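Working notes, structure below.
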Amino acid sequence: MGYGKVILFGEHAVVYGRPAIAAGLSKGATAKAERSDSAALIFPGWGKTIAPTSDEPVGDAYRAVLGALECEEPLRITVELEIPAGAGLGASAAIGVALVRAICEARGKVLSEAEAADHAFQWERVFHGNPSGIDNTIAAFGGIGWFQKEKPFLQLAAAKPLTLVVAHSGESSSTKTMVDGVQRQREERPERVNEVFDGIEALALNGKRAIEDGNLRHLGQLLDLNHALLSSLLLSTERIEEICAAARSAGAYGAKVTGAGGGGCVVCLADEERRESVLKALRSLDCEPFSATVG
Ligand code: PMV
């Protein structure tokens, strides 16, 4: 399996070497590989079967994984996705991790988390061009983690599990397009964008402390501030603002866009007592909220 994820702090800044905090969801992607006469990658949910010779991007990613794993025997791999794609929940990385694990298991090898994350990076690279590595890492490890490019991944010990509510704006966006947009802003105004990244980094550092101390009020404020900085990089939308505002009014400690932005999902921090009222408020906005306990 590969876990879906939400990013609590540091998306986009993480592409430029800043730290980020992400949490694995209990759902994501599962895959099963069986020996067969011919190799195929099957997505029953999308009614799609991909051959290793396919010229679609997913065919390129499939070949990249087979190459990285030096897998030449024909395997029929079936992938089921439990989270929406293009929603900032790390669907493609979850598929990548589930896929490499399934291929290795069919060949009698169980991968460590770090190995699964490394191999799935080949898959991610095809779709995202310049991924930081946070999605495939958290898809392999789960839990709550502190990620920084080229540094060891750190699992965080939350003082208590976090109750989150995740809601989908209904707007889909491409991670590559959003990452390219931030890159353009950074090329045009490097000082301004680097200052925003400085702010995001400080929030991630304080967010780590708040998670370890179990200080939900403080953590919620930091999430709101991270959201404001992401909005300043044009990564929010009217619909996302509407969802964040409704969640906060219903008692969420904080709410922010999560992942690439420009649509996708909002993550809200609640607790056992506040969860139902946040869910109710977001259900009335038709944004298919679900709650998740992480850490
Ligand atoms: O793919 P998404 O929407 O979960 O976004 C990944 C996080 C980014 O920081 C925007 C990109 C990256 O590679 O870190």
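Identifiers for the structure tokens are assigned positionally: chains receive A, B, ... in sequence, residues are indexed from 1 per chain, and ligands are indexed from 1 in the order shown.
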Set the distance at 10 Å and use only C-alpha atoms: which residues neighbour Arg18 (chain A) once local chain neighbours fewer than 4 positions away are removed? I'd like the list as an mmCIF file with C-alpha atoms, in the first residue's frame.
data_model
loop_
_atom_site.group_PDB
_atom_site.id
_atom_site.type_symbol
_atom_site.label_atom_id
_atom_site.label_comp_id
_atom_site.auth_asym_id
_atom_site.auth_seq_id
_atom_site.Cartn_x
_atom_site.Cartn_y
_atom_site.Cartn_z
ATOM 1 C CA GLY A 10 5.929 23.825 3.783
ATOM 2 C CA GLU A 11 4.507 22.815 0.388
ATOM 3 C CA HIS A 12 6.252 24.605 -2.493
ATOM 4 C CA ALA A 13 8.990 25.958 -0.178
ATOM 5 C CA VAL A 14 10.089 22.317 0.182
ATOM 6 C CA SER A 132 10.839 17.546 -3.822
ATOM 7 C CA PHE A 147 10.953 16.260 5.411
ATOM 8 C CA GLN A 148 13.794 18.244 3.927
ATOM 9 C CA LYS A 149 15.455 17.492 0.599
ATOM 10 C CA PHE A 197 9.704 30.849 2.080
ATOM 11 C CA ASP A 198 11.554 32.187 5.190
ATOM 12 C CA ILE A 200 6.937 29.271 5.837
ATOM 13 C CA GLU A 201 10.117 27.716 7.252
ATOM 14 C CA ALA A 202 9.610 29.506 10.588
ATOM 15 C CA ALA A 204 7.172 24.661 9.997
#
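Every protein, DNA or RNA residue with an atom at most 10 Å from Ala140 (chain A), where only C-alpha atoms count and chain neighbours fewer than 5 positions away do not, is listed here: Met1, Gly2, Tyr3, Gly4, Gly24, Ala93, Ala94, Gly96, Val97, Ala98, Arg101, Leu111, Ser112, Glu113, Ala114, Glu115, Ala116, Ala117, Asp118, Ala120 and Asp135 of chain A.
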Restricted to C-alpha atoms, what would the selected residues look like written as an mmCIF file, in the first residue's frame?
data_model
loop_
_atom_site.group_PDB
_atom_site.id
_atom_site.type_symbol
_atom_site.label_atom_id
_atom_site.label_comp_id
_atom_site.auth_asym_id
_atom_site.auth_seq_id
_atom_site.Cartn_x
_atom_site.Cartn_y
_atom_site.Cartn_z
ATOM 1 C CA MET A 1 0.000 0.000 0.000
ATOM 2 C CA GLY A 2 0.982 3.625 -0.445
ATOM 3 C CA TYR A 3 -0.503 6.203 1.927
ATOM 4 C CA GLY A 4 -2.271 9.334 0.764
ATOM 5 C CA GLY A 24 0.074 10.060 6.016
ATOM 6 C CA ALA A 93 2.947 9.025 -5.061
ATOM 7 C CA ALA A 94 0.612 6.608 -3.260
ATOM 8 C CA GLY A 96 3.983 4.757 -7.109
ATOM 9 C CA VAL A 97 4.721 3.319 -3.664
ATOM 10 C CA ALA A 98 1.957 0.681 -3.885
ATOM 11 C CA ARG A 101 5.947 -2.683 -3.294
ATOM 12 C CA LEU A 111 11.046 -3.285 0.524
ATOM 13 C CA SER A 112 11.953 -1.066 3.464
ATOM 14 C CA GLU A 113 10.118 2.267 3.653
ATOM 15 C CA ALA A 114 13.203 4.114 2.403
ATOM 16 C CA GLU A 115 13.636 1.729 -0.560
ATOM 17 C CA ALA A 116 9.948 2.024 -1.502
ATOM 18 C CA ALA A 117 10.195 5.833 -1.336
ATOM 19 C CA ASP A 118 13.358 5.851 -3.484
ATOM 20 C CA ALA A 120 8.613 5.489 -6.267
ATOM 21 C CA ASP A 135 5.010 12.871 -1.473
#
Give as an MDAnalysis selection string the residues surrounding ligand 1 up to a distance of 7 Å, considering only C-alpha atoms and all ligand atoms. chainID A and resid 11:15 86:90 128 130:135 175 179 259:261
Got time to write the residues from that selection, C-alpha atoms, as a PDB file, in the first residue's frame?
ATOM      1  CA  GLU A  11       4.507  22.815   0.388  1.00  0.00           C
ATOM      2  CA  HIS A  12       6.252  24.605  -2.493  1.00  0.00           C
ATOM      3  CA  ALA A  13       8.990  25.958  -0.178  1.00  0.00           C
ATOM      4  CA  VAL A  14      10.089  22.317   0.182  1.00  0.00           C
ATOM      5  CA  VAL A  15      10.946  22.250  -3.546  1.00  0.00           C
ATOM      6  CA  GLY A  86      -5.290  15.803  -8.701  1.00  0.00           C
ATOM      7  CA  ALA A  87      -6.501  16.938  -5.288  1.00  0.00           C
ATOM      8  CA  GLY A  88      -3.239  17.509  -3.399  1.00  0.00           C
ATOM      9  CA  LEU A  89      -3.605  14.258  -1.440  1.00  0.00           C
ATOM     10  CA  GLY A  90      -0.571  12.621  -3.026  1.00  0.00           C
ATOM     11  CA  HIS A 128       5.957  16.289 -11.628  1.00  0.00           C
ATOM     12  CA  ASN A 130      10.929  18.492 -10.254  1.00  0.00           C
ATOM     13  CA  PRO A 131       9.341  16.799  -7.215  1.00  0.00           C
ATOM     14  CA  SER A 132      10.839  17.546  -3.822  1.00  0.00           C
ATOM     15  CA  GLY A 133      10.390  13.918  -2.757  1.00  0.00           C
ATOM     16  CA  ILE A 134       7.987  14.696   0.090  1.00  0.00           C
ATOM     17  CA  ASP A 135       5.010  12.871  -1.473  1.00  0.00           C
ATOM     18  CA  THR A 175       1.081  19.959  -9.418  1.00  0.00           C
ATOM     19  CA  VAL A 179       5.101  24.393  -9.134  1.00  0.00           C
ATOM     20  CA  GLY A 259      -0.456  20.318  -1.570  1.00  0.00           C
ATOM     21  CA  ALA A 260       0.053  22.153  -4.821  1.00  0.00           C
ATOM     22  CA  GLY A 261      -3.000  24.440  -4.482  1.00  0.00           C
TER      23      GLY A 261
END
All strand (DSSP E) residues (DSSP, backbone) inside region 109-205 of chain A, as a list in words: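 Here are the strand (DSSP E) residues of region 109-205 of chain A: Ile144, Gly145, Trp146, Phe147, Leu154, Gln155, Leu162, Thr163, Leu164, Val165, Val166, Ala167 and His168 of chain A.
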Proximity to Gly129 (chain A) - best of A:Pro57, A:Pro84, A:Gly199, A:Pro190, only C-alpha atoms: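 Among the listed residues, A:Pro57 lies closest to Gly129 (chain A).
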Pick out the closest residue to Tyr253 (chain A) from this set: A:Ala281, A:Leu233, A:Ile144, A:Leu222. Count only C-alpha atoms.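 For Tyr253 (chain A), the nearest of the given residues is A:Leu222.
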Long-range neighbours of region 41-52 of chain A as a list in words, 10 Å cut-off, only C-alpha atoms, 4 positions minimum in chain: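 Result of the neighbour search: Ala31, Lys32, Ala33, Glu56, Val58, Gly59, Asp60, Ala61, Tyr62, Arg63, Ala64, Leu66, Pro74, Leu75, Arg76, Ile77, Thr78, Val79, Glu80, Leu81, Glu82 and Leu99 of chain A.
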Here is a test: counting only C-alpha atoms, which residue of A:Val126, A:Met178, A:Glu72, A:Glu150 is nearest to Gly17 (chain A)?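 Closest candidate: A:Glu150.
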Which of A:Leu230, A:Leu25, A:Leu282, A:Cys287 sits closest to Phe141 (chain A) [using only C-alpha atoms]: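 Residue with the minimum atom-to-atom distance to Phe141 (chain A): A:Leu25.
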Could you list, as a VMD selection string, every residue within 8 Å of Ala68 (chain A), counting only C-alpha atoms and ignoring same-chain residues fewer than 3 positions away? chain A and resid 64 to 65 71 119 122
Kindly save the residues from that selection, with C-alpha atoms included, as a PDB file, in the first residue's frame.
ATOM      1  CA  ALA A  64      10.732   4.087 -15.315  1.00  0.00           C
ATOM      2  CA  VAL A  65       9.666   1.896 -12.371  1.00  0.00           C
ATOM      3  CA  CYS A  71      11.953  -6.115 -13.638  1.00  0.00           C
ATOM      4  CA  HIS A 119      11.947   3.633  -6.237  1.00  0.00           C
ATOM      5  CA  GLN A 122      11.152   7.491 -10.459  1.00  0.00           C
TER       6      GLN A 122
END
Compare A:Cys104, A:Phe153, A:Phe9, A:Asn136 by their minimum atom-to-atom distance to Ala228 (chain A), counting only C-alpha atoms, and give me the closest one.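 When distances to Ala228 (chain A) are compared using only C-alpha atoms, the smallest one comes from A:Phe9.
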DSSP on the backbone, helix (DSSP H, G or I) only: what residues of region 61-264 of chain A does that give? Format it as a VMD selection string. chain A and resid 61 to 68 91 to 106 113 to 128 134 to 141 175 to 188 190 to 213 216 to 232 238 to 249
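Between CA of Cys265 (chain A) and CA of Asp224 (chain A) the interatomic distance comes to 14.6 Å.
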